Amino acid sequence: MSACRRLRLASPPEHLAVLREQLEAKAEYVRELRLSVELESAASALTVLTGIDGGVKLREAKLVPLEDIFSVIEAMPMRRWEKRSKN
């Protein structure tokens, strides 16, 4: 995969299955976003979103709903450019 956004979700194990299901349901959209997702089991929750430029765009010591993460990505300048150039 070429340059991509990276999303790291660390969560207690009981939440990982739900996260996987939600991501699988949005698999095509995740590919369109060029989003590489890393899920890991952890004692406490953490959400980190890194942009294509390598900068951290979102870092929360909690799980952030996927729709909120997607909203952050949609507001990024690079994403807006991708959408314009696609049309």
# chains A, B, ... in the order shown; residues from 1 in each chain; ligands from 1
>>> select_by_dssp(residues="chain A", states="helix (DSSP H, G or I)", output="ChimeraX atom specification")
/A:13-25,27-32,66-75,77-86
>>> residues_around(residues="Glu38 (chain A)", least_positions_apart="5", cutoff="10 Å", atoms="only C-alpha atoms", output="count of residues only")
6
>>> closest_residue(among="A:Ala61, A:Val72, A:Leu39, A:Cys4", to="Val18 (chain A)", atoms="only C-alpha atoms")
A:Leu39
>>> select_by_dssp(residues="chain A", states="strand (DSSP E or B)", output="list in words")
Arg5, Arg6, Leu7, Arg8, Leu9, Ala10, Ser11, Leu35, Ser36, Val37, Glu38, Leu39, Glu40, Ser41, Leu46, Thr47, Val48, Leu49, Thr50, Val56, Lys57, Leu58, Arg59 and Glu60 of chain A
>>> closest_residue(among="A:Ser71, A:Pro13, A:Glu21, A:Val64", to="Ala43 (chain A)", atoms="only C-alpha atoms")
A:Pro13
>>> atom_distance(atom1="CA of Ala45 (chain A)", atom2="CA of Glu28 (chain A)")
25.4 Å
>>> closest_residue(among="A:Met76, A:Ala25, A:Val37, A:Leu16", to="Gly55 (chain A)", atoms="only C-alpha atoms")
A:Met76
>>> closest_residue(among="A:Ala27, A:Val56, A:Ala42, A:Ile69", to="Glu14 (chain A)", atoms="only C-alpha atoms")
A:Ala42
>>> residues_around(residues="Ala3 (chain A)", least_positions_apart="5", cutoff="9 Å", atoms="only C-alpha atoms", output="number ranges by chain")
A: 34, 52-53
>>> write_last_selection(atoms="C-alpha atoms", output="PDB file, in the first residue's frame")
ATOM      1  CA  ARG A  34      -6.322   4.570   2.515  1.00  0.00           C
ATOM      2  CA  ILE A  52      -0.549  10.503   5.405  1.00  0.00           C
ATOM      3  CA  ASP A  53       1.997  13.189   6.312  1.00  0.00           C
TER       4      ASP A  53
END
>>> atom_distance(atom1="CA of Pro12 (chain A)", atom2="CA of Ala75 (chain A)")
28.8 Å
>>> closest_residue(among="A:Ser41, A:Ser85, A:Thr50, A:Ser36", to="Ala17 (chain A)", atoms="only C-alpha atoms")
A:Ser41
>>> atom_distance(atom1="CA of Lys83 (chain A)", atom2="CA of Asp68 (chain A)")
18.6 Å
>>> closest_residue(among="A:Leu49, A:Tyr29, A:Glu24, A:Met78", to="Leu63 (chain A)", atoms="only C-alpha atoms")
A:Leu49
